[in-house]
$ cat protein.txt   # compact mmCIF, C-alpha atoms
# COMPACT_ATOMS: atom_id res chain seq x y z
CA MET A 285 78.49 74.44 99.01
CA HIS A 286 79.90 71.89 96.68
CA SER A 287 81.33 68.69 98.02
CA CYS A 288 84.97 68.14 97.29
CA ASP A 289 84.71 64.90 95.41
CA GLY A 290 87.71 65.89 93.40
CA VAL A 291 90.13 65.38 96.28
CA ASP A 292 93.28 63.53 95.51
CA ASN A 293 93.07 60.07 96.94
CA GLY A 294 96.68 59.57 96.04
CA ARG A 295 97.74 62.00 98.69
CA ARG A 296 95.50 60.37 101.29
CA GLN A 297 97.21 57.12 100.45
CA ALA A 298 100.58 58.79 100.77
CA ILE A 299 99.63 60.06 104.20
CA LYS A 300 98.46 56.64 105.26
CA THR A 301 101.56 54.85 104.07
CA GLY A 302 103.76 57.56 105.49
CA SER A 303 102.36 57.22 108.99
CA GLY A 304 105.57 55.65 110.24
CA LEU A 305 107.12 59.09 109.94
CA GLY A 306 104.40 60.66 112.03
CA LEU A 307 101.76 62.72 110.28
CA LEU A 308 103.26 66.02 111.34
CA GLY A 309 106.66 65.02 110.06
CA LEU A 310 105.20 64.06 106.73
CA PHE A 311 103.15 67.23 106.41
CA ALA A 312 106.19 69.29 107.30
CA MET A 313 108.19 67.41 104.70
CA LEU A 314 105.57 68.16 102.09
CA GLY A 315 105.68 71.79 103.10
CA LEU A 316 102.00 71.68 103.94
CA LEU A 317 102.06 72.57 107.58
CA PRO A 318 101.05 76.14 108.28
CA ALA A 319 103.89 77.85 110.08
CA ALA A 320 102.88 80.86 112.14
CA ALA A 321 106.46 82.01 112.34
CA LEU A 322 106.68 82.33 108.59
CA ALA A 323 104.43 85.31 107.93
CA GLY A 324 101.86 85.41 110.69
CA ILE A 325 101.56 87.24 113.95
CA GLU A 326 102.34 86.11 117.47
CA ARG A 327 99.57 84.11 119.14
CA LYS A 328 99.50 86.64 121.96
CA ALA A 329 97.61 88.98 119.62
CA PHE A 330 94.66 86.68 120.30
CA GLU A 331 95.03 87.07 124.08
CA THR A 332 94.73 90.80 124.54
CA ASN A 333 92.38 92.57 126.96
CA SER A 334 91.56 95.71 125.01
CA LEU A 335 91.05 96.76 121.43
CA ASN A 336 94.14 98.97 121.55
CA GLU A 337 96.25 96.09 122.83
CA ALA A 338 94.98 93.90 119.99
CA LEU A 339 95.67 96.59 117.39
CA ASP A 340 99.10 97.18 118.91
CA ALA A 341 99.91 93.46 118.75
CA LEU A 342 99.06 93.60 115.05
CA GLY A 343 101.32 96.63 114.60
CA GLY A 344 98.36 98.74 113.58
CA LEU A 345 97.63 100.93 116.59
CA ILE A 346 98.03 103.92 114.33
CA ALA A 347 95.84 103.32 111.30
CA GLU A 348 94.17 105.69 108.89
CA GLU A 349 90.39 105.44 108.43
CA SER A 350 90.03 104.49 104.80
CA THR A 351 87.17 104.74 102.34
CA HIS A 352 89.11 102.29 100.16
CA ILE A 353 88.00 99.46 102.44
CA THR A 354 84.49 98.09 101.97
CA LEU A 355 83.27 96.23 105.03
CA THR A 356 79.98 94.43 104.54
CA ALA A 357 78.18 93.07 107.62
CA PRO A 358 74.51 93.03 108.61
CA ASP A 359 73.03 95.98 110.54
CA VAL A 360 71.29 93.47 112.76
CA ALA A 361 72.49 89.92 113.40
CA GLU A 362 69.88 87.62 114.89
CA ASN A 363 72.44 84.95 115.57
CA GLY A 364 75.75 86.18 116.98
CA ALA A 365 77.27 82.74 116.35
CA LEU A 366 77.20 83.29 112.58
CA VAL A 367 77.71 86.86 111.46
CA PRO A 368 78.69 87.14 107.77
CA VAL A 369 81.51 89.60 107.16
CA THR A 370 82.99 90.54 103.78
CA VAL A 371 86.05 92.73 103.36
CA GLU A 372 87.13 94.20 100.06
CA SER A 373 89.71 96.87 99.38
CA THR A 374 90.86 98.91 96.41
CA LEU A 375 94.14 99.71 98.15
CA THR A 376 97.18 98.43 96.27
CA ASP A 377 99.67 95.93 97.69
CA VAL A 378 97.42 94.62 100.44
CA GLU A 379 99.56 92.31 102.57
CA GLN A 380 97.43 91.60 105.62
CA ILE A 381 93.79 91.77 106.67
CA SER A 382 92.67 91.39 110.30
CA ILE A 383 89.08 91.18 111.53
CA LEU A 384 88.23 92.27 115.09
CA ALA A 385 85.05 92.60 117.16
CA ASP A 386 85.53 95.13 119.91
CA ARG A 387 83.31 93.62 122.61
CA ASN A 388 84.24 89.98 122.16
CA PRO A 389 86.19 88.26 124.95
CA THR A 390 88.80 87.62 122.23
CA MET A 391 88.75 90.76 120.13
CA LEU A 392 90.98 89.56 117.33
CA VAL A 393 88.86 87.16 115.31
CA ALA A 394 91.16 86.27 112.43
CA HIS A 395 94.33 87.47 110.76
CA TYR A 396 95.08 86.76 107.10
CA THR A 397 98.29 87.11 105.11
CA LEU A 398 97.80 87.74 101.38
CA PRO A 399 100.72 87.05 99.07
CA GLU A 400 101.11 88.90 95.78
CA GLY A 401 98.51 87.65 93.31
CA THR A 402 95.77 87.26 95.93
CA ASP A 403 92.96 89.81 95.73
CA ALA A 404 92.04 92.04 98.67
CA TYR A 405 88.77 90.18 99.09
CA LEU A 406 87.69 87.92 101.95
CA SER A 407 84.29 86.70 103.01
CA THR A 408 83.81 84.75 106.23
CA ARG A 409 81.56 84.20 109.26
CA ILE A 410 82.42 85.34 112.76
CA ARG A 411 81.05 85.09 116.30
CA MET A 412 79.91 88.22 118.09
CA ALA A 413 79.17 88.18 121.81
CA GLU A 414 77.03 91.31 121.81
CA THR A 415 76.20 94.47 119.86
CA SER A 416 79.54 96.01 118.96
CA ASN A 417 81.78 97.17 116.15
CA VAL A 418 83.41 94.97 113.57
CA ILE A 419 86.78 96.50 112.80
CA VAL A 420 88.91 95.64 109.82
CA LEU A 421 92.60 96.45 109.82
CA VAL A 422 94.32 96.35 106.44
CA LYS A 423 98.06 96.56 105.91
CA ALA A 424 98.89 97.80 102.42
CA GLY A 425 102.26 98.97 101.14
CA GLY A 426 103.62 98.82 104.70
CA ARG A 427 100.93 101.14 106.14
CA PHE A 428 97.81 100.40 108.16
CA TYR A 429 94.26 101.40 107.30
CA ARG A 430 90.99 100.61 109.04
CA ALA A 431 87.25 100.60 108.64
CA SER A 432 84.47 99.65 111.04
CA LYS A 433 80.77 98.97 111.20
CA GLN A 434 78.39 98.48 114.09
CA VAL A 435 76.39 95.26 114.19
CA LYS A 436 73.42 94.89 116.53
CA VAL A 437 73.39 91.39 117.94
CA THR A 438 70.08 90.09 119.24
CA ALA A 439 71.39 86.70 120.48
CA GLY A 440 75.06 86.63 121.44
CA GLY A 441 77.31 83.96 120.02
CA CYS A 442 80.26 83.79 122.41
CA MET B 101 90.22 62.99 112.74
CA ALA B 102 88.06 65.82 111.51
CA ALA B 103 85.92 65.45 108.40
CA PRO B 104 87.43 66.47 105.06
CA SER B 105 87.20 70.17 104.28
CA LYS B 106 84.93 71.17 101.43
CA ILE B 107 86.72 73.18 98.79
CA ARG B 108 85.33 74.56 95.55
CA ALA B 109 87.68 76.52 93.33
CA SER B 110 86.45 77.99 90.05
CA LEU B 111 88.19 80.05 87.41
CA LYS B 112 86.07 83.17 86.83
CA ASP B 113 86.19 85.24 83.63
CA GLY B 114 89.43 83.44 82.80
CA ALA B 115 91.07 85.89 85.19
CA TYR B 116 90.91 84.84 88.81
CA VAL B 117 90.10 81.81 90.88
CA GLU B 118 87.38 82.10 93.48
CA VAL B 119 87.87 79.63 96.30
CA ARG B 120 85.04 78.73 98.68
CA MET B 121 86.00 76.52 101.54
CA LEU B 122 84.50 75.06 104.66
CA MET B 123 86.69 73.51 107.34
CA TYR B 124 84.79 71.12 109.57
CA HIS B 125 85.64 72.00 113.16
CA ASP B 126 83.58 72.66 116.30
CA MET B 127 85.66 75.75 117.12
CA GLU B 128 84.92 75.52 120.84
CA ASN B 129 85.69 78.95 122.24
CA GLY B 130 86.31 77.81 125.81
CA ARG B 131 83.29 79.66 127.21
CA ARG B 132 80.49 77.24 126.45
CA LYS B 133 79.19 74.99 129.23
CA ASP B 134 78.13 71.40 128.67
CA GLU B 135 74.91 69.90 130.04
CA ALA B 136 76.55 69.25 133.41
CA GLY B 137 77.54 72.90 133.66
CA ASN B 138 81.24 72.32 133.07
CA LEU B 139 83.19 74.62 130.77
CA VAL B 140 84.08 72.96 127.48
CA PRO B 141 87.79 73.66 126.91
CA ALA B 142 88.82 75.84 123.98
CA TRP B 143 89.45 73.74 120.90
CA HIS B 144 89.75 75.56 117.62
CA ILE B 145 91.74 75.85 114.43
CA THR B 146 94.70 78.17 114.94
CA GLU B 147 96.27 78.24 111.48
CA PHE B 148 95.46 77.39 107.90
CA ARG B 149 97.19 77.69 104.57
CA VAL B 150 96.07 77.37 100.97
CA GLN B 151 98.66 76.44 98.39
CA HIS B 152 98.43 76.43 94.61
CA GLN B 153 100.95 73.92 93.30
CA GLY B 154 103.34 74.60 96.15
CA ARG B 155 102.87 78.39 96.22
CA THR B 156 101.01 79.86 99.20
CA VAL B 157 98.01 81.90 98.04
CA LEU B 158 96.46 82.60 101.44
CA GLU B 159 97.32 81.88 105.03
CA GLY B 160 95.62 82.86 108.19
CA GLN B 161 95.39 82.53 111.93
CA PHE B 162 92.16 82.04 113.85
CA GLY B 163 91.15 82.80 117.40
CA PRO B 164 88.09 81.38 119.17
CA SER B 165 85.77 84.06 117.71
CA VAL B 166 85.63 82.40 114.30
CA SER B 167 82.30 80.62 113.79
CA LYS B 168 81.92 76.85 114.00
CA ASN B 169 82.95 75.15 110.74
CA PRO B 170 84.97 78.11 109.45
CA TYR B 171 83.83 79.27 106.03
CA LEU B 172 85.94 81.46 103.81
CA VAL B 173 85.80 82.84 100.28
CA PHE B 174 88.84 84.42 98.65
CA ARG B 175 90.23 85.12 95.17
CA PHE B 176 93.65 84.76 93.63
CA ARG B 177 95.25 85.04 90.21
CA GLY B 178 97.76 83.08 88.18
CA ALA B 179 96.13 79.65 88.07
CA ASN B 180 94.45 77.55 85.40
CA LYS B 181 91.61 75.06 85.22
CA GLY B 182 92.78 71.64 86.30
CA ASP B 183 95.43 72.99 88.69
CA MET B 184 95.58 71.54 92.17
CA LEU B 185 94.92 73.47 95.37
CA SER B 186 95.64 72.22 98.84
CA LEU B 187 94.16 73.43 102.11
CA SER B 188 95.85 72.56 105.37
CA TRP B 189 94.91 73.50 108.90
CA GLN B 190 95.94 72.70 112.42
CA ASP B 191 94.21 73.25 115.73
CA ASN B 192 95.32 74.07 119.27
CA ARG B 193 95.44 70.36 120.15
CA GLY B 194 97.79 69.55 117.31
CA ASP B 195 95.16 67.90 115.13
CA SER B 196 95.52 68.74 111.46
CA ARG B 197 94.13 68.05 108.02
CA VAL B 198 95.23 68.44 104.42
CA ASP B 199 92.66 68.39 101.62
CA ASP B 200 93.01 68.95 97.91
CA ALA B 201 90.76 70.29 95.19
CA ILE B 202 91.05 70.78 91.46
CA ILE B 203 90.23 74.16 89.95
CA ASP B 204 87.21 73.92 87.64

$ encode --input "protein.txt" --output "structure tokens"
Amino acid sequence: MHSCDGVDNGRRQAIKTGSGLGLLGLFAMLGLLPAAALAGIERKAFETNSLNEALDALGGLIAEESTHITLTAPDVAENGALVPVTVESTLTDVEQISILADRNPTMLVAHYTLPEGTDAYLSTRIRMAETSNVIVLVKAGGRFYRASKQVKVTAGGC
Amino acid sequence: MAAPSKIRASLKDGAYVEVRMLMYHDMENGRRKDEAGNLVPAWHITEFRVQHQGRTVLEGQFGPSVSKNPYLVFRFRGANKGDMLSLSWQDNRGDSRVDDAIID
């Protein structure tokens, strides 16, 4: 991982000098504050008690199994705290990608919104409490598709 | 204040930008116990956004099942070398960060 030496000190300075406004106010003014209401999902999607509830909260309870989604995760994860997961799809007009783990206390791991011009490709690291399925839900062209893969977890990470 | 995020953005094949980023955050999931046996309260990033010169290129929401120091790679099109990217995040306690990087 490269360090980000190229960061703009000018902006840091701007934040510092703008502190009278309150940081949040300044960020909001700059349009930099992530706003869940804009394109995201309700936070309650992260507080569901079953996989179906989580999928329902995402709007994707009915989703077609798709071979156009490539989900890469290890067969066996020695450390459940750091399970690498990569999602790639050849579906067109991918708008959203959600990653779930069906035996985690919080099944929905992360939800991403992809504007036009962003590839259907994400690679990240998730926590898995125990051996279970990683499920990927992809919304493309207004429809939902899914793929899943079992990961054996030898030391749980939740 | 959390440490600055690490961001590396590179133009590949003159066609797309690959962004690798690491957000420094403990991502406490609310289930871990400290040495005294007390539950450590949940404290994690809830939202992030990446913007390319004011245009959002990726945004996401995290729950407590994202690993400590969230790491993410993604790709987008329509940018040039030298362009500025900004990554912002906020957590469930209202802490936030904004970091910039230049596409190389």

$ interface_residues --input "protein.txt" --of "chain B" --to "chain A" --cutoff "8 Å" --atoms "only C-alpha atoms" --output "PyMOL selection string"
chain B and resi 105-108+120+129+131-132+147-149+154+156-168+170-178+188-190+198-202

$ write_last_selection --input "protein.txt" --atoms "C-alpha atoms" --output "mmCIF file, in the frame of the given file"
data_model
loop_
_atom_site.group_PDB
_atom_site.id
_atom_site.type_symbol
_atom_site.label_atom_id
_atom_site.label_comp_id
_atom_site.auth_asym_id
_atom_site.auth_seq_id
_atom_site.Cartn_x
_atom_site.Cartn_y
_atom_site.Cartn_z
ATOM 1 C CA SER B 105 87.200 70.170 104.280
ATOM 2 C CA LYS B 106 84.930 71.170 101.430
ATOM 3 C CA ILE B 107 86.720 73.180 98.790
ATOM 4 C CA ARG B 108 85.330 74.560 95.550
ATOM 5 C CA ARG B 120 85.040 78.730 98.680
ATOM 6 C CA ASN B 129 85.690 78.950 122.240
ATOM 7 C CA ARG B 131 83.290 79.660 127.210
ATOM 8 C CA ARG B 132 80.490 77.240 126.450
ATOM 9 C CA GLU B 147 96.270 78.240 111.480
ATOM 10 C CA PHE B 148 95.460 77.390 107.900
ATOM 11 C CA ARG B 149 97.190 77.690 104.570
ATOM 12 C CA GLY B 154 103.340 74.600 96.150
ATOM 13 C CA THR B 156 101.010 79.860 99.200
ATOM 14 C CA VAL B 157 98.010 81.900 98.040
ATOM 15 C CA LEU B 158 96.460 82.600 101.440
ATOM 16 C CA GLU B 159 97.320 81.880 105.030
ATOM 17 C CA GLY B 160 95.620 82.860 108.190
ATOM 18 C CA GLN B 161 95.390 82.530 111.930
ATOM 19 C CA PHE B 162 92.160 82.040 113.850
ATOM 20 C CA GLY B 163 91.150 82.800 117.400
ATOM 21 C CA PRO B 164 88.090 81.380 119.170
ATOM 22 C CA SER B 165 85.770 84.060 117.710
ATOM 23 C CA VAL B 166 85.630 82.400 114.300
ATOM 24 C CA SER B 167 82.300 80.620 113.790
ATOM 25 C CA LYS B 168 81.920 76.850 114.000
ATOM 26 C CA PRO B 170 84.970 78.110 109.450
ATOM 27 C CA TYR B 171 83.830 79.270 106.030
ATOM 28 C CA LEU B 172 85.940 81.460 103.810
ATOM 29 C CA VAL B 173 85.800 82.840 100.280
ATOM 30 C CA PHE B 174 88.840 84.420 98.650
ATOM 31 C CA ARG B 175 90.230 85.120 95.170
ATOM 32 C CA PHE B 176 93.650 84.760 93.630
ATOM 33 C CA ARG B 177 95.250 85.040 90.210
ATOM 34 C CA GLY B 178 97.760 83.080 88.180
ATOM 35 C CA SER B 188 95.850 72.560 105.370
ATOM 36 C CA TRP B 189 94.910 73.500 108.900
ATOM 37 C CA GLN B 190 95.940 72.700 112.420
ATOM 38 C CA VAL B 198 95.230 68.440 104.420
ATOM 39 C CA ASP B 199 92.660 68.390 101.620
ATOM 40 C CA ASP B 200 93.010 68.950 97.910
ATOM 41 C CA ALA B 201 90.760 70.290 95.190
ATOM 42 C CA ILE B 202 91.050 70.780 91.460
#

$ residues_around --input "protein.txt" --residues "B:Asn169" --least-positions-apart "3" --cutoff "8 Å" --atoms "only C-alpha atoms" --output "list in words"
Leu122, Met123, Tyr124, His125, Asp126 and Met127 of chain B

$ residues_around --input "protein.txt" --residues "stretch 420-429 of chain A" --least-positions-apart "5" --cutoff "9 Å" --atoms "all atoms listed in the file" --output "list in words"
Leu339, Leu342, Gly343, Gly344, Leu345, Ile346, Ala347, Glu348, Glu349, Ser350, His352, Ile353, Leu355, Val371, Ser373, Leu375, Thr376, Asp377, Val378, Glu379, Gln380, Ile381, Ser382, Ile383, Leu384 and Ala385 of chain A

$ atom_distance --input "protein.txt" --atom1 "atom CA of A:Ala357" --atom2 "atom CA of B:Pro104"
28.3 Å

$ atom_distance --input "protein.txt" --atom1 "atom CA of B:Pro141" --atom2 "atom CA of B:Asp191"
12.9 Å

$ atom_distance --input "protein.txt" --atom1 "atom CA of B:Val117" --atom2 "atom CA of B:Ala179"
7.0 Å

$ closest_residue --input "protein.txt" --among "B:Ala142, B:Asp134, B:Ala109, B:Arg197" --to "B:Leu185" --atoms "all atoms listed in the file"
B:Ala109

$ residues_around --input "protein.txt" --residues "B:Asn192" --least-positions-apart "5" --cutoff "8 Å" --atoms "all atoms listed in the file" --output "JSON, numbers by chain"
{"B": [143, 144, 145, 146]}

$ residues_near_point --input "protein.txt" --point "(70.0, 94.1, 113.5)" --cutoff "10 Å" --atoms "only C-alpha atoms" --output "ChimeraX atom specification"
/A:358-363,415,434-438

$ residues_around --input "protein.txt" --residues "B:Lys181" --least-positions-apart "6" --cutoff "8 Å" --atoms "only C-alpha atoms" --output "VMD selection string"
chain B and resid 110 to 111 202 to 204

$ closest_residue --input "protein.txt" --among "A:Thr332, A:Thr351, A:Glu337, A:Thr356" --to "A:Arg430" --atoms "all atoms listed in the file"
A:Thr351
